[in-house]
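Worksheet: the structure to be examined is printed underneath.
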Number of protein chains: 2
Amino acid sequence: MLRTHNCGELNLTHLGAKVTLCGWVQRSRNMGGMTFIDLRDRYGITQLAFNMEVNATLCEQARQLGREFVIKVDGKVIERSSKNTKMATGEIEILVTAVTILNSAITPPFTIEDETDGGDDIRMKYRYLDLRRNVVKNNLLLRHRVCQETRKYLDAQDFIEVETPVLIKSTPEGARDFVVPSRMNSGEFYALPQSPQTFKQLLMVSGFDKYFQIVKCFRDEDLRADRQPEFTQIDCEMSFIEQEDILNVFEGLVKTIFQNVKNISLSNVPRMTYDNAMKYYGNDKPDIRFEMKFIELKSDTENYYVDNFATRFKVFDDAQYINAIVANGCSEYTRKQLDELTDFVKRPQVGATGLVYIRVGNDGVCKSSVDKFFDADALASIAKKCNAMPGDLILILAGPQQKTQKAMSELRLEMGNRLGLRDKNVFAPLWVLDFPLLEWNEESQRYHAMHHPFTSPKPEDIPLLETQPGNVKANAYDMVINGVELGGGSIRIYDKQLQKKMFSILGFTDEQAQSQFGFLMNAFEYGAPPHGGIAFGLDRFCSLLGGADNIRDFIAFPKNNSGRDVMIDAPSQIDDAQLKELSINVTK
Amino acid sequence: MLRTHNCGELNLTHLGAKVTLCGWVQRSRNMGGMTFIDLRDRYGITQLAFNMEVNATLCEQARQLGREFVIKVDGKVIERSSKNTKMATGEIEILVTAVTILNSAITPPFTIEDETDGGDDIRMKYRYLDLRRNVVKNNLLLRHRVCQETRKYLDAQDFIEVETPVLIKSTPEGARDFVVPSRMNSGEFYALPQSPQTFKQLLMVSGFDKYFQIVKCFRDEDLRADRQPEFTQIDCEMSFIEQEDILNVFEGLVKTIFQNVKNISLSNVPRMTYDNAMKYYGNDKPDIRFEMKFIELKSDTENYYVDNFATRFKVFDDAQYINAIVANGCSEYTRKQLDELTDFVKRPQVGATGLVYIRVGNDGVCKSSVDKFFDADALASIAKKCNAMPGDLILILAGPQQKTQKAMSELRLEMGNRLGLRDKNVFAPLWVLDFPLLEWNEESQRYHAMHHPFTSPKPEDIPLLETQPGNVKANAYDMVINGVELGGGSIRIYDKQLQKKMFSILGFTDEQAQSQFGFLMNAFEYGAPPHGGIAFGLDRFCSLLGGADNIRDFIAFPKNNSGRDVMIDAPSQIDDAQLKELSINVTK
């Protein structure tokens, strides 16, 4: 080793020790008689002291060291005169006796500090420098811990980690595949896996009983801030289990990770059906750090207050659906604040046509944006229906049901933000259960699998597959934390005939099903056990634990929104000879 | 859970317990009044008993169960009348009270037994059935343990696991890349990594200090039995270290794996220079389970026995190089055995033109295949030089040095096999050190990097780079066990100028070096620490631990020698629409 200690471990117990440290020059302070250098490595920062009177040559040498120089120093651990109790090494410093420059450094394009002056683009290009910053480094250390804790937990429960192949077969169902031309089988292509789904099911057919893998997956999609063409899953599958077993095992995993990585004890994870999630939160991944549930109003309009209408309110009359949320203590919102909310809901991403509000004054008197349609009694009965208290603000949207639910979900989250109800240090996990098996796709005019084609319908709903496929519920479940879908899974079909029927409902011909998934259906003929599983998005899990919104800074070398790695400049053109070997041409 | 216990855990301590088991019907024995079924799961086999007198209907039902049916049984643990002490569950059986068929099974295409009747092709096609066999299942369980032990060891030593990208940039150096057309960047391609080499070096520049990853790598090569297009490495890198540190840390890893996975305590790993490996074993990965070192004879021919020559032996006179090995106790080899050895060395893969032998009789008298050229004294002096004892057989090859060394290496291994000196349960690890930095390639008429272009020359040899590049040694090392290269690595170049010089020696123009590896050389300008690393071939490591010769059965879903996955039938053709989106055409 070139060093005796790292830069994060020396303290008063080491006083007088002769040590050798290596690291990067974080900063240098010339105080006349003394020069101090902060030496940084992965483990921390240690202060180096050079005394002009003791060794002028050495001190001069120290003054020549630029930022990010890599040096090795010999010296003695001494007590600091002005201590910094916020640092692990803040009570000592090294009185340096020798300095070796291991490598010099030109000036970095941005400062290597927690708050950097570098923009996103330059930080991506010089990712290796950005990774030197504490914030980014700590993200990757956190990711490392999450992986180790995951493996430890699952290994202790007899799960075995099996690597499934990366070069597999392209399937049209689901997202777009990345493909790999085969040189040895010209004109043919491998695909990179969107998930190891079929392989983990085959492992169950093989009797592996409990499988897991922390595995790279690939989707050639147009990218958003929180999507990457390659991402990582914690992928799991179990045999001879029911949904309840999966929920218990993986609730245990999530709790263990929170406990051992964040030192947070989660209580038992509440459960909610998909239908209730949509009804109360307009969202299949509700953020339950705060209540503010939807109150459905349309069904009550006629009963409660239609007689009090001064003039009929056409917006409500025409609406398929009307709902409300109550923002506690917001009755005094200014005109400006209310206008902001109206603007918010009218944004195309939110999609409402307008916002109705009712202020419940501290005196209990309601005033609203629709006073000319509703008298005080009508408003009071709405307030009562909403359980609104004096001082509250009721926000109401009306329109087509799905669209309005979605818009209200956005508004609810916005109000949660405004009211400080979405603290990143509070974690509210939730199981969402009983998802629909299928969803109708207007574009393709057919049903698509909501989860994937291997998800089992609830046994009691199987008869509905023929008559009302849209009403069939699945043994499918999502783990949601703070409004983020962390993972999801299902109990799988393990009967060949049912799997065939499922493919036919999804619009596959028998031939297509056989050519794409024949190996799986054939496998089901040789004794498939009941099985099910789950997959967690590791990148997102880490970003959630790290209190961040996007996943990019939890990936060592991410791609940008055009799918480019700007650091290595990939993708790039390849030689004609290489194309020829692969029997392909570029067409533009 | 559908079961209370698994099929491997019940024993006499459970007598009388009511249990529910799930699993596969391994075999069924109808004994008239009784029927016995072996129920199998991942954990073991438990015997089920059905009594015709107690419950005829149930017993009849049991007799209908075919091989590989998946069933659930309720019953009571009872003591067996005829115990099988070789099985964990061999002292008990389950007196079954109810059977549920979870899934039926058609007859498998081969028997699911340790010794199967299935050939390679059929086993690959039905890999999910082959994985049910104990031998294959145990290989994957072993692999799981190796991975967990590796992570535990490295994590405890402060290594952090970082995932590097799979979609990277194609580089012409090294083996052929698999490439991935980019839809969003048309005409451009990603490449799949042959190793994360440059990324792990960048992580060192970032200050990550100690990195590891168990990672898939890809090479589009023509395949041999022990090669796969995708394979897995234990990939590691450290900063602020010297070669000695790497050897110690990873010798520790190998010892830990042997101890915790195989319960074998390895002693300290001996070290050998590359030059000595070639001199004494003709091979840079010598199998040192047995000695049988080469004895070089050419340099002595004139001194020792030329005067005794009856006739000059042209083969020896013309040879650039002559060497011998001594096979202890083989002087009585028959004519047939010696002919076999001659045929062996003349095989094209071995490449010798003939074999000379000298029998050292039990009476000490030497007889040879070249008696007409050498008298008894000459033969005796050769035997003496070889330290051959009465009863030994001396085998001699002559010819061009490299070719003859290689041939003798093969012959030595063959003799090791014949003499039972290569016991698969004996493990002899070895560090091979001081590899040449470069090797001359006749075809391209230039030097190639023996390890890779980032390997550091030994500092004292740097001046030779200009004058005698072929004589420059590198700080490079291989871990060899039983003649198998398990891993290798090197201390890296961390100076931009030296890296540039290295690329220029390898025939890169400055522009090529900059366009392909500019990001790494640029990174070196911002303060790169001294660093080095190693990578182990996980598939091979597992196969070695499992006592197998080929890696295929230690990979869950391997490809065949044409790079095909015959189970899922990949690679395959893709839609024209997909090709169009990717801006490529298939040319044949």
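Labels used: A, B, ... for chains in the order of the structure tokens, numbers from 1 for residues in each chain, and numbers from 1 for ligands as shown.
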Inset, instruction - Would you mind listing what lies within 12 Å of Pro348 (chain A) as a PyMOL selection string, with only C-alpha atoms counted and same-chain residues fewer than 6 positions away left out? - result: chain A and resi 354+403+406-407+410
Could you list, as a PDB file with C-alpha atoms, in the first residue's frame, the residues of chain B having an atom within 6 Å of chain A when counting only C-alpha atoms?
ATOM      1  CA  MET B   1     -47.347 -20.948   1.503  1.00  0.00           C
ATOM      2  CA  LEU B   2     -48.777 -24.017  -0.149  1.00  0.00           C
ATOM      3  CA  ARG B  42     -34.886 -28.164  -4.752  1.00  0.00           C
ATOM      4  CA  GLU B  68     -42.796 -35.008 -13.004  1.00  0.00           C
ATOM      5  CA  PHE B  69     -46.390 -34.370 -11.955  1.00  0.00           C
ATOM      6  CA  VAL B  70     -46.516 -31.444  -9.543  1.00  0.00           C
ATOM      7  CA  ASN B 103     -50.102 -29.638 -12.507  1.00  0.00           C
ATOM      8  CA  SER B 104     -49.777 -32.718 -14.653  1.00  0.00           C
ATOM      9  CA  ALA B 105     -46.773 -33.452 -16.850  1.00  0.00           C
ATOM     10  CA  ILE B 106     -46.253 -35.161 -20.144  1.00  0.00           C
ATOM     11  CA  TYR B 128     -35.524 -26.074 -18.031  1.00  0.00           C
ATOM     12  CA  LEU B 129     -35.800 -29.840 -17.573  1.00  0.00           C
ATOM     13  CA  LEU B 131     -31.845 -27.837 -14.718  1.00  0.00           C
ATOM     14  CA  ARG B 132     -34.046 -30.158 -12.632  1.00  0.00           C
ATOM     15  CA  HIS B 144     -24.656 -18.656  -6.119  1.00  0.00           C
ATOM     16  CA  GLU B 161     -19.873  -2.579  -6.182  1.00  0.00           C
ATOM     17  CA  ILE B 168     -20.920   1.502 -24.660  1.00  0.00           C
ATOM     18  CA  LYS B 169     -18.656   2.310 -27.582  1.00  0.00           C
ATOM     19  CA  VAL B 179     -22.956  -3.977 -31.566  1.00  0.00           C
ATOM     20  CA  VAL B 180     -26.403  -2.490 -31.028  1.00  0.00           C
ATOM     21  CA  GLY B 187     -26.411   5.160 -38.373  1.00  0.00           C
ATOM     22  CA  GLU B 188     -24.681   4.882 -35.009  1.00  0.00           C
ATOM     23  CA  PHE B 189     -24.074   1.842 -32.847  1.00  0.00           C
ATOM     24  CA  TYR B 190     -23.452   1.000 -29.242  1.00  0.00           C
ATOM     25  CA  LEU B 202     -12.342   6.050 -14.581  1.00  0.00           C
ATOM     26  CA  SER B 206     -13.064   9.472  -9.555  1.00  0.00           C
ATOM     27  CA  GLY B 207     -11.569   8.370  -6.260  1.00  0.00           C
ATOM     28  CA  PHE B 208     -13.689   5.277  -5.635  1.00  0.00           C
ATOM     29  CA  PHE B 240      -2.872   3.702  -4.160  1.00  0.00           C
ATOM     30  CA  ILE B 241      -1.572   0.171  -4.236  1.00  0.00           C
ATOM     31  CA  PHE B 519     -11.903  10.236 -22.603  1.00  0.00           C
ATOM     32  CA  GLU B 525      -4.986  14.945 -16.877  1.00  0.00           C
ATOM     33  CA  TYR B 526      -7.244  15.685 -13.925  1.00  0.00           C
ATOM     34  CA  GLY B 527      -5.364  13.755 -11.276  1.00  0.00           C
ATOM     35  CA  ILE B 568     -35.782 -19.926 -27.054  1.00  0.00           C
ATOM     36  CA  ALA B 570     -32.407 -16.984 -30.615  1.00  0.00           C
ATOM     37  CA  PRO B 571     -31.087 -15.178 -32.531  1.00  0.00           C
ATOM     38  CA  SER B 572     -34.017 -14.829 -34.918  1.00  0.00           C
ATOM     39  CA  GLN B 573     -35.245 -12.625 -37.726  1.00  0.00           C
ATOM     40  CA  SER B 583     -32.122   2.553 -40.163  1.00  0.00           C
ATOM     41  CA  ILE B 584     -30.515  -0.716 -41.150  1.00  0.00           C
ATOM     42  CA  ASN B 585     -30.917  -3.333 -43.876  1.00  0.00           C
ATOM     43  CA  VAL B 586     -29.961  -6.955 -43.907  1.00  0.00           C
ATOM     44  CA  THR B 587     -27.602  -7.559 -46.849  1.00  0.00           C
TER      45      THR B 587
END
Inset, instruction - Within 9 Å of Asp74 (chain B), counting only C-alpha atoms, which residues show up once you throw out same-chain ones fewer than 3 positions away? Write them as a list of chain:residue names, please. - result: B:Arg3, B:Lys18, B:Val19, B:Thr20, B:Leu21, B:Ile94, B:Leu95, B:Val96, B:Thr97, B:Ala98, B:Val99, B:Thr100
Legend entry - Atomic separation - CA of Gly399 (chain A) relative to CA of Ala319 (chain A), Å: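 Between CA of Ala319 (chain A) and CA of Gly399 (chain A) the gap works out to 4.5 Å.
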Skipping near chain neighbours, those fewer than 5 positions away, what residues fall within 10 Å of Leu411 (chain B) using only C-alpha atoms, listed as a compact mmCIF listing (two decimals) with C-alpha atoms, in the first residue's frame?
# COMPACT_ATOMS: atom_id res chain seq x y z
CA ILE B 325 10.32 -34.73 -19.09
CA LEU B 341 2.27 -41.17 -27.00
CA THR B 342 4.00 -40.72 -30.34
CA PHE B 344 -0.43 -37.99 -29.38
CA VAL B 345 2.48 -35.61 -29.95
CA VAL B 350 0.15 -30.76 -30.48
CA ALA B 352 5.57 -32.34 -32.76
CA LEU B 355 8.94 -38.52 -29.85
CA LEU B 395 10.35 -38.39 -23.07
CA ILE B 396 12.19 -36.03 -25.39
CA LEU B 397 11.01 -33.60 -28.05
CA GLN B 405 7.67 -26.10 -25.60
CA LYS B 406 3.99 -26.08 -26.44
CA GLY B 416 -0.18 -36.23 -15.78
CA ASN B 417 -3.57 -37.62 -16.79
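For the choices B:Pro270, B:Lys285, B:Ala156, B:Cys542, the atom-to-atom distance to Ile257 (chain B) is smallest for B:Cys542 when using only C-alpha atoms.
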Legend entry - Å distance separating CA of Lys298 (chain A) from CA of Ile394 (chain A), one decimal place: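 We find that CA of Lys298 (chain A) and CA of Ile394 (chain A) lie 15.0 Å from each other.
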Inset, instruction - Tell me which of A:Gly252, A:Pro286, A:Pro469, A:Pro453 sits closest to Ile481 (chain A), counting only C-alpha atoms. - result: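 Closest candidate: A:Pro286.
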Inset, instruction - From a DSSP pass on the backbone, collect the residues of region 462-553 of chain B flagged as helix (DSSP H, G or I) and hand them back as a PyMOL selection string. - result: chain B and resi 464-467+469-471+496-505+510-523+538-545+552-553
Inset, instruction - Take CA of Asp284 (chain B) and CA of Gly533 (chain B) and report the distance between them in Å, one decimal. - result: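 Going from CA of Asp284 (chain B) over to CA of Gly533 (chain B) covers 19.3 Å.
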Inset, instruction - Could you give me the residues within region 344-543 of chain B that DSSP places in strand (DSSP E or B), as an MDAnalysis selection string? - result: chainID B and resid 356:360 366:368 393:399 429:433 436 438:441 446:449 455 457 473:474 476:481 484:492 526 531:537
Inset, instruction - Find the spatial neighbours of Asn550 (chain B), counting only C-alpha atoms, within a cut-off of 12 Å - ignore same-chain residues fewer than 6 positions away - and output them as a VMD selection string. - result: chain B and resid 139 224 to 228 484 539 to 544 558
Legend entry - Asp275 (chain A) environment, 9 Å, only C-alpha atoms, sequence neighbours closer than 2 positions dropped, as a VMD selection string: chain A and resid 272 to 273 277 to 280 284 433 to 436
So that I have them on file, write out the residues from the current selection with N, CA and C atoms, as a PDB file, in the first residue's frame.
ATOM      1  N   MET A 272     -54.066  -1.355  -0.217  1.00  0.00           N
ATOM      2  CA  MET A 272     -55.191  -0.647  -0.826  1.00  0.00           C
ATOM      3  C   MET A 272     -55.487  -1.317  -2.157  1.00  0.00           C
ATOM      4  N   THR A 273     -56.729  -1.470  -2.496  1.00  0.00           N
ATOM      5  CA  THR A 273     -57.031  -2.034  -3.810  1.00  0.00           C
ATOM      6  C   THR A 273     -56.789  -0.966  -4.877  1.00  0.00           C
ATOM      7  N   ALA A 277     -57.534   3.027  -4.792  1.00  0.00           N
ATOM      8  CA  ALA A 277     -56.468   3.981  -5.110  1.00  0.00           C
ATOM      9  C   ALA A 277     -56.959   4.975  -6.153  1.00  0.00           C
ATOM     10  N   MET A 278     -57.678   4.470  -7.149  1.00  0.00           N
ATOM     11  CA  MET A 278     -58.201   5.353  -8.189  1.00  0.00           C
ATOM     12  C   MET A 278     -59.310   6.238  -7.621  1.00  0.00           C
ATOM     13  N   LYS A 279     -60.144   5.654  -6.767  1.00  0.00           N
ATOM     14  CA  LYS A 279     -61.294   6.390  -6.235  1.00  0.00           C
ATOM     15  C   LYS A 279     -60.843   7.518  -5.304  1.00  0.00           C
ATOM     16  N   TYR A 280     -59.899   7.235  -4.452  1.00  0.00           N
ATOM     17  CA  TYR A 280     -59.520   8.218  -3.429  1.00  0.00           C
ATOM     18  C   TYR A 280     -58.320   9.077  -3.793  1.00  0.00           C
ATOM     19  N   ASP A 284     -52.808   5.095  -9.462  1.00  0.00           N
ATOM     20  CA  ASP A 284     -52.514   3.756  -8.954  1.00  0.00           C
ATOM     21  C   ASP A 284     -51.238   3.719  -8.131  1.00  0.00           C
ATOM     22  N   LEU A 433     -53.163  -3.398  -4.575  1.00  0.00           N
ATOM     23  CA  LEU A 433     -53.517  -4.775  -4.927  1.00  0.00           C
ATOM     24  C   LEU A 433     -54.657  -4.821  -5.940  1.00  0.00           C
ATOM     25  N   ASP A 434     -54.911  -6.009  -6.450  1.00  0.00           N
ATOM     26  CA  ASP A 434     -56.090  -6.273  -7.274  1.00  0.00           C
ATOM     27  C   ASP A 434     -56.172  -5.377  -8.506  1.00  0.00           C
ATOM     28  N   PHE A 435     -55.090  -5.304  -9.221  1.00  0.00           N
ATOM     29  CA  PHE A 435     -55.086  -4.545 -10.480  1.00  0.00           C
ATOM     30  C   PHE A 435     -55.976  -5.239 -11.499  1.00  0.00           C
ATOM     31  N   PRO A 436     -56.537  -4.475 -12.437  1.00  0.00           N
ATOM     32  CA  PRO A 436     -57.195  -5.127 -13.573  1.00  0.00           C
ATOM     33  C   PRO A 436     -56.168  -5.949 -14.350  1.00  0.00           C
TER      34      PRO A 436
END
Legend entry - Distance query Ile45 (chain B) at most 6 Å, only C-alpha atoms, self and fewer than 2 positions along chain excluded, as a PyMOL selection string: chain B and resi 7-8+39-40
Any chance you could export the current selection's N, CA and C atoms as a JSON list (two decimals), in the first residue's frame?
[["chain", "number", "residue", "atom", "x", "y", "z"],
["B", 7, "CYS", "N", -38.94, -30.58, 0.89],
["B", 7, "CYS", "CA", -38.70, -32.02, 0.78],
["B", 7, "CYS", "C", -37.32, -32.44, 1.27],
["B", 8, "GLY", "N", -36.58, -31.54, 1.88],
["B", 8, "GLY", "CA", -35.24, -31.90, 2.34],
["B", 8, "GLY", "C", -35.05, -31.80, 3.83],
["B", 39, "LEU", "N", -40.96, -37.75, -3.61],
["B", 39, "LEU", "CA", -41.36, -36.39, -3.96],
["B", 39, "LEU", "C", -40.12, -35.51, -3.91],
["B", 40, "ARG", "N", -39.88, -34.77, -5.00],
["B", 40, "ARG", "CA", -38.63, -34.01, -5.13],
["B", 40, "ARG", "C", -38.90, -32.51, -5.16]]
